[in-house]
Amino acid sequence: MIEHLKDNWQAERLQSLTATLQQAASETSKPIVVQNFIDGKWLPSRGQETVEIINPANGAVLGYTPLGTAEDIELAVQAAKKAFKTWRETPVIDRVQVLFRLKTLLEAHVEELAELITLENGKTIGEARGDIRRGIQMVETACGMPLMLKGQVSEDIAAGIDCHAIRRPMGVFAAITPFNFPAMVPFWFWPYAIASGNTFVLKPSERVPLTQVRLFELIEQAGMPKGVLNMVQGGKDTVNALIAHPDISGISFVGSTPVAKYVYQTASANGKRVQALGGAKNFMVVLPDAQMDAAVRTVLDSCIGCAGQRCLAGSLILSVAEAYPAIEAGIINTAKHIQVGNGLDPATGVGPLISQAALDRVKGLIQSAIDEGATVLVDGRHSENLPNQGYYLGPTVITGIQPHMRIAQEEVFGPVILLGQVGTLDEAIHWLNSSEFANTTTLFTASGAAARKFSYEVDPSMIGINIGVPAPMAFFSFGGSKHSFFGDIKAHGQASVDFYTDTKVTVERWFKDSSIW
Ligand code: NAD
């Protein structure tokens with residue numbers, strides 16, 4: 001099956017993409033250069049430079065992403081600005097109809113989209129299904145916008161005076177998204193933004209644009225009105241054009257911490273609302289009273305799922321007192337037997353990292369840990385079972401981690417499990433709160449009192465109790481704190497209505513007209 005898909009990738013799967021790119025059937029052998037979607041039309045980028053879209057499972061070039069220019073952004077923003085005039089006047093109950101139609105289309109294309117995600121991102125096909133499934137949940141939740149958008153009214157705030165507050169769309173918003181969830185992360189933003197009456201420009205990751213091209217074909221098919229939702233391909237320069245553009249009201253960003261901070265500072269300085277979700281260093285704490293088998297399984301899934309390339313991936317496992325031996329033994333035994341390979345093979349447990357550069361960086365971090373005195377218990381760098389091509393790293397387990405080590409402080413973003421030991425829960429909390437990141441953290445325990453103390457005292461904003469990847473569902477809000485999040489208002493759920501709307505308050509008094517009644 002894998003060979004079949006790989007061999008027929010150009011011939012079968014790119015057919016619909018090729019159609020989108022308005023290439024003739026006879027031209028399918030030409031390299032694919034993905035296009036922009038602006039004002040309801042597929043348009044070539046003005047950018048002359050491109051970057052390769054690489055299948056991380058074998059290094060094959062799947063196509064090219066053009067690096068869009070300020071001119072591309074101008075076209076998209078002007079289309080969105082024009083569309084805003086009529087879109088904001090469209091009743092919310094009508095606006096969400098396009099999302100209902102899209103939901104049906106997405107359900108019919110889950111497998112095709114999942115394969116596309118695996119091909120350009122490398123994650124396993126099961127993880128890719130999760131990526132699209134979570135995206136669909138965002139669309140479903142945004143369909144509830146008629147309820148989410150309701151305002152507030154108070155009668156008689158003073159004698160004969162009433163007050164009402166409504167949620168008003170603000171204009172054009174934009175999102176800039178990362179490589180690790182090619183489908184889900186863009187869905188964190190645009191469905192809520194457009195359902196609440198704004199128009200939108202998306203800039204997907206230049207490394208994984210194919211999933212979004214296919215999704216935009218479906219969005220087009222669902223009947224998205226022209227200009228309401230636009231997509232511009234590109235990298236750094238495209239981002240700079242977006243965050244400086246005077247007609248953009250706000251920016252939603254997801255990516256690494258240095259870029260999140262830069263986007264937050266620059267876009268805010270340009271007078272925009274900004275929510276910028278950054279990197280992470282996620283600690284998992286195991287108390288001696290935890291169910292050890294479940295804790296081991298959950299830790300592994302958290303640390304090595306999506307090859308560790310999740311912002312909620314567990315990284316540093318702090319075993320408290322006598323919890324350590326069972327955790328170390330369980331993790332070593334399980335990690336050794338996980339199949340590493342092409343994510344399209346249903347037996348694969350860990351797919352490749354996104355690029356050679358990412359692989360080199362993670363290997364460098366592993367070496368830094370060894371140099372600083374840690375011990376590698378399972379070494380995924382040298383496994384003889386790794387495929388010859390592609391950017392593979394087997395699950396790697398390292399013990400003897402201390403707070404001062406580089407690997408204890410930086411985001412690894414690879415299938416690496418770091419083991420540390422502490423004497424008490426207080427020590428564990430102190431260690432994890434000393435991290436500059438604060439995205440998520442998990443406690444394994446059977447004690448409600450310990451769980452409450454943990455939730456109460458830790459800095460991260462997304463907490464798991466016996467849960468490895470405590471990702472808030474679409475109807476809750478998502479985002480960390482400290483250097484994992486820059487801004488005030490988090491992503492999706494009800495918070496998205498706060499982010500994408502302004503509150504307009506009217507205080508009113510009506511004088512009696514005795515000639516009528
Ligand atoms: P990245 O920061 O390299 O890229 C993210 C986006 O920013 C891309 O669209 C890219 O084109 C753009 N970009 C990159 N460099 C830029 C620059 N110098 N100036 C302006 N724009 C630039 O991130 P990535 O490698 O694609 O994604 C992985 C990172 O994203 C990890 O750190 C991960 O933790 C983080 N992430 C965070 C969350 C969260 O919810 N906090 C979710 C997913 C991913």
# chains A, B, ... in the order shown; residues from 1 in each chain; ligands from 1
>>> residues_near_ligand(ligand="ligand 1", cutoff="8 Å", atoms="only C-alpha atoms and all ligand atoms", output="ChimeraX atom specification")
/A:176-181,185,203-207,234-240,253-260,262-263,276-280,309-312,411,413,439,478-480,484-485
>>> residues_around(residues="segment 102-114 of chain A", least_positions_apart="4", cutoff="7 Å", atoms="only C-alpha atoms", output="JSON, numbers by chain")
{"A": [98, 118, 125, 128, 129, 132, 136, 139, 140, 211, 218, 219, 222]}
>>> write_last_selection(atoms="C-alpha atoms", output="PDB file, in the first residue's frame")
ATOM      1  CA  VAL A  98     -20.773  27.783   4.576  1.00  0.00           C
ATOM      2  CA  THR A 118       1.464  12.415   6.215  1.00  0.00           C
ATOM      3  CA  ILE A 125      -1.542   8.260   9.262  1.00  0.00           C
ATOM      4  CA  ALA A 128      -2.804  12.774  10.565  1.00  0.00           C
ATOM      5  CA  ARG A 129      -6.419  11.656  10.970  1.00  0.00           C
ATOM      6  CA  ILE A 132      -7.891  16.772  10.450  1.00  0.00           C
ATOM      7  CA  ILE A 136     -13.316  19.550  11.855  1.00  0.00           C
ATOM      8  CA  VAL A 139     -15.588  24.109  12.183  1.00  0.00           C
ATOM      9  CA  GLU A 140     -18.391  22.416  14.142  1.00  0.00           C
ATOM     10  CA  THR A 211      -2.901  20.263   2.841  1.00  0.00           C
ATOM     11  CA  LEU A 218     -13.021  22.164  -0.448  1.00  0.00           C
ATOM     12  CA  ILE A 219     -13.664  25.598   1.060  1.00  0.00           C
ATOM     13  CA  ALA A 222     -18.489  24.768   0.032  1.00  0.00           C
TER      14      ALA A 222
END
>>> select_by_dssp(residues="segment 31-146 of chain A", states="alpha helix (DSSP H)", output="MDAnalysis selection string")
chainID A and resid 70:87 92:95 97:108 110:121 125:142 145:146
>>> closest_residue(among="A:Ala174, A:Met138, A:Leu62, A:Val320", to="Val208 of chain A", atoms="only C-alpha atoms")
A:Leu62
>>> residues_around(residues="His430 of chain A", least_positions_apart="3", cutoff="12 Å", atoms="only C-alpha atoms", output="list of chain:residue names")
A:Phe283, A:Val285, A:Leu318, A:Pro403, A:Val422, A:Gly423, A:Thr424, A:Leu425, A:Asp426, A:Glu427, A:Asn433, A:Ser434, A:Ser435, A:Phe454, A:Glu457, A:Val458, A:Asp459
>>> residues_around(residues="Ala294 of chain A", least_positions_apart="6", cutoff="12 Å", atoms="only C-alpha atoms", output="PDB file with N, CA and C atoms, in the first residue's frame")
ATOM      1  N   VAL A 286       5.568  12.340  37.915  1.00  0.00           N
ATOM      2  CA  VAL A 286       4.964  11.058  38.315  1.00  0.00           C
ATOM      3  C   VAL A 286       5.148  10.865  39.816  1.00  0.00           C
ATOM      4  N   LEU A 300       4.927   7.902  27.058  1.00  0.00           N
ATOM      5  CA  LEU A 300       5.498   7.578  25.746  1.00  0.00           C
ATOM      6  C   LEU A 300       4.701   8.204  24.623  1.00  0.00           C
ATOM      7  N   ASP A 301       3.389   8.044  24.697  1.00  0.00           N
ATOM      8  CA  ASP A 301       2.552   8.600  23.633  1.00  0.00           C
ATOM      9  C   ASP A 301       2.737  10.113  23.551  1.00  0.00           C
ATOM     10  N   ALA A 326      10.258   2.177  38.290  1.00  0.00           N
ATOM     11  CA  ALA A 326       9.182   1.626  37.445  1.00  0.00           C
ATOM     12  C   ALA A 326       9.047   2.445  36.158  1.00  0.00           C
ATOM     13  N   ILE A 327       9.214   3.740  36.266  1.00  0.00           N
ATOM     14  CA  ILE A 327       9.104   4.600  35.075  1.00  0.00           C
ATOM     15  C   ILE A 327      10.268   4.303  34.127  1.00  0.00           C
ATOM     16  N   GLY A 330       9.843   0.737  32.537  1.00  0.00           N
ATOM     17  CA  GLY A 330       8.704   0.675  31.607  1.00  0.00           C
ATOM     18  C   GLY A 330       8.996   1.422  30.316  1.00  0.00           C
ATOM     19  N   ILE A 331       9.608   2.570  30.447  1.00  0.00           N
ATOM     20  CA  ILE A 331       9.868   3.385  29.249  1.00  0.00           C
ATOM     21  C   ILE A 331      10.939   2.729  28.380  1.00  0.00           C
ATOM     22  N   PHE A 444       0.838  12.622  37.212  1.00  0.00           N
ATOM     23  CA  PHE A 444       0.284  11.268  37.350  1.00  0.00           C
ATOM     24  C   PHE A 444       0.178  10.962  38.837  1.00  0.00           C
ATOM     25  N   THR A 445      -1.030  10.702  39.283  1.00  0.00           N
ATOM     26  CA  THR A 445      -1.248  10.456  40.712  1.00  0.00           C
ATOM     27  C   THR A 445      -2.611   9.805  40.925  1.00  0.00           C
ATOM     28  N   ALA A 446      -2.795   9.227  42.128  1.00  0.00           N
ATOM     29  CA  ALA A 446      -4.123   8.755  42.529  1.00  0.00           C
ATOM     30  C   ALA A 446      -4.709   9.695  43.581  1.00  0.00           C
ATOM     31  N   ASN A 466      -3.261  12.849  34.899  1.00  0.00           N
ATOM     32  CA  ASN A 466      -3.251  11.504  34.301  1.00  0.00           C
ATOM     33  C   ASN A 466      -3.619  11.544  32.815  1.00  0.00           C
ATOM     34  N   ILE A 467      -3.367  12.662  32.169  1.00  0.00           N
ATOM     35  CA  ILE A 467      -3.621  12.846  30.728  1.00  0.00           C
ATOM     36  C   ILE A 467      -2.329  13.367  30.110  1.00  0.00           C
ATOM     37  N   GLY A 468      -1.899  12.732  29.017  1.00  0.00           N
ATOM     38  CA  GLY A 468      -0.590  13.070  28.457  1.00  0.00           C
ATOM     39  C   GLY A 468      -0.572  14.275  27.536  1.00  0.00           C
TER      40      GLY A 468
END
>>> closest_residue(among="A:Asn270, A:Ser196, A:Asn385, A:Ser477", to="Gly341 of chain A", atoms="only C-alpha atoms")
A:Asn385
>>> residues_around(residues="segment 494-510 of chain A", least_positions_apart="2", cutoff="10 Å", atoms="only C-alpha atoms", output="MDAnalysis selection string")
chainID A and resid 141:142 145 148:173 188:198 249:252 273:275 474:478 488:492 512:513
>>> write_last_selection(atoms="C-alpha atoms", output="mmCIF file, in the first residue's frame")
data_model
loop_
_atom_site.group_PDB
_atom_site.id
_atom_site.type_symbol
_atom_site.label_atom_id
_atom_site.label_comp_id
_atom_site.auth_asym_id
_atom_site.auth_seq_id
_atom_site.Cartn_x
_atom_site.Cartn_y
_atom_site.Cartn_z
ATOM 1 C CA THR A 141 -17.882 24.692 17.128
ATOM 2 C CA ALA A 142 -17.765 27.837 14.992
ATOM 3 C CA MET A 145 -21.524 31.387 16.411
ATOM 4 C CA MET A 148 -21.443 32.583 20.892
ATOM 5 C CA LEU A 149 -21.871 36.073 19.458
ATOM 6 C CA LYS A 150 -24.833 37.114 21.602
ATOM 7 C CA GLY A 151 -24.440 40.325 23.516
ATOM 8 C CA GLN A 152 -25.651 41.595 26.895
ATOM 9 C CA VAL A 153 -28.542 43.824 27.922
ATOM 10 C CA SER A 154 -29.412 45.493 31.234
ATOM 11 C CA GLU A 155 -32.614 47.352 31.882
ATOM 12 C CA ASP A 156 -32.734 50.387 34.170
ATOM 13 C CA ILE A 157 -29.033 50.898 34.769
ATOM 14 C CA ALA A 158 -30.313 54.302 35.940
ATOM 15 C CA ALA A 159 -33.876 55.544 36.077
ATOM 16 C CA GLY A 160 -35.398 54.956 32.617
ATOM 17 C CA ILE A 161 -32.019 54.167 31.047
ATOM 18 C CA ASP A 162 -31.085 50.833 29.450
ATOM 19 C CA CYS A 163 -27.760 49.520 28.234
ATOM 20 C CA HIS A 164 -26.810 46.923 25.649
ATOM 21 C CA ALA A 165 -23.465 45.567 24.507
ATOM 22 C CA ILE A 166 -22.971 43.879 21.153
ATOM 23 C CA ARG A 167 -20.044 42.038 19.566
ATOM 24 C CA ARG A 168 -18.942 43.846 16.433
ATOM 25 C CA PRO A 169 -16.591 42.330 13.811
ATOM 26 C CA MET A 170 -13.512 44.462 13.277
ATOM 27 C CA GLY A 171 -12.446 43.941 9.649
ATOM 28 C CA VAL A 172 -9.598 41.880 8.239
ATOM 29 C CA PHE A 173 -7.693 39.391 10.414
ATOM 30 C CA TRP A 188 -8.061 27.307 15.262
ATOM 31 C CA PHE A 189 -8.618 30.740 13.812
ATOM 32 C CA TRP A 190 -10.372 31.451 10.547
ATOM 33 C CA PRO A 191 -13.728 29.657 11.170
ATOM 34 C CA TYR A 192 -14.323 31.767 14.307
ATOM 35 C CA ALA A 193 -13.069 34.961 12.663
ATOM 36 C CA ILE A 194 -15.319 34.708 9.621
ATOM 37 C CA ALA A 195 -18.347 33.362 11.497
ATOM 38 C CA SER A 196 -18.159 36.439 13.729
ATOM 39 C CA GLY A 197 -18.268 38.642 10.618
ATOM 40 C CA ASN A 198 -14.622 39.381 9.807
ATOM 41 C CA SER A 249 -6.969 44.561 12.503
ATOM 42 C CA GLY A 250 -5.321 41.613 14.181
ATOM 43 C CA ILE A 251 -2.895 38.724 13.864
ATOM 44 C CA SER A 252 -3.109 35.156 15.140
ATOM 45 C CA ARG A 273 -4.511 42.900 18.239
ATOM 46 C CA VAL A 274 -2.135 39.956 18.520
ATOM 47 C CA GLN A 275 -2.291 36.461 19.924
ATOM 48 C CA ALA A 474 -12.538 23.383 20.335
ATOM 49 C CA PHE A 475 -15.164 24.692 22.766
ATOM 50 C CA PHE A 476 -12.510 25.570 25.378
ATOM 51 C CA SER A 477 -9.645 27.964 24.767
ATOM 52 C CA PHE A 478 -6.058 27.064 23.930
ATOM 53 C CA ASP A 488 -4.009 38.505 26.244
ATOM 54 C CA ILE A 489 -6.728 36.487 24.555
ATOM 55 C CA LYS A 490 -6.243 32.822 23.739
ATOM 56 C CA ALA A 491 -7.207 30.742 20.741
ATOM 57 C CA HIS A 492 -10.544 29.127 19.847
ATOM 58 C CA LYS A 512 -42.254 59.551 26.575
ATOM 59 C CA ASP A 513 -44.222 60.802 23.600
#
>>> closest_residue(among="A:Ile516, A:Ala79, A:Val213, A:Ile304", to="Gly40 of chain A", atoms="only C-alpha atoms")
A:Ala79
>>> closest_residue(among="A:Ser368, A:Asn121, A:Gln212, A:Gln233", to="Thr50 of chain A", atoms="only C-alpha atoms")
A:Gln233
>>> atom_distance(atom1="atom CA of Arg95 of chain A", atom2="atom CA of Gly68 of chain A")
29.2 Å
>>> select_by_dssp(residues="segment 160-219 of chain A", states="strand (DSSP E or B)", output="ChimeraX atom specification")
/A:161-169,172-176,199-203
>>> atom_distance(atom1="atom CA of His382 of chain A", atom2="atom CA of Gln402 of chain A")
24.3 Å
>>> residues_around(residues="Ala358 of chain A", least_positions_apart="6", cutoff="10 Å", atoms="only C-alpha atoms", output="ChimeraX atom specification")
/A:364,391,412-414
>>> residues_around(residues="segment 417-419 of chain A", least_positions_apart="2", cutoff="8 Å", atoms="only C-alpha atoms", output="list in words")
Leu300, Cys303, Ile304, Gly314, Ser315, Leu316, Ile317, Leu318, Ser319, Glu328, Pro395, Thr396, Val397, Ile398, Thr399, Gly400, Ile401, Ala408, Pro415 and Gln421 of chain A
>>> write_last_selection(atoms="C-alpha atoms", output="tab-separated table (two decimals), in the first residue's frame")
chain	number	residue	atom	x	y	z
A	300	LEU	CA	5.50	7.58	25.75
A	303	CYS	CA	6.75	12.36	24.13
A	304	ILE	CA	7.07	10.44	20.87
A	314	GLY	CA	5.92	15.72	27.01
A	315	SER	CA	9.65	16.29	27.27
A	316	LEU	CA	11.03	16.05	30.80
A	317	ILE	CA	9.64	13.32	33.07
A	318	LEU	CA	10.20	14.08	36.74
A	319	SER	CA	9.74	10.98	38.88
A	328	GLU	CA	12.63	4.01	33.79
A	395	PRO	CA	12.74	7.02	20.36
A	396	THR	CA	15.61	8.14	22.56
A	397	VAL	CA	15.63	7.89	26.36
A	398	ILE	CA	18.12	9.90	28.42
A	399	THR	CA	18.50	9.79	32.20
A	400	GLY	CA	20.38	11.88	34.76
A	401	ILE	CA	18.85	15.14	33.54
A	408	ALA	CA	16.51	20.51	30.14
A	415	PRO	CA	11.07	11.82	19.99
A	421	GLN	CA	14.48	12.50	39.64
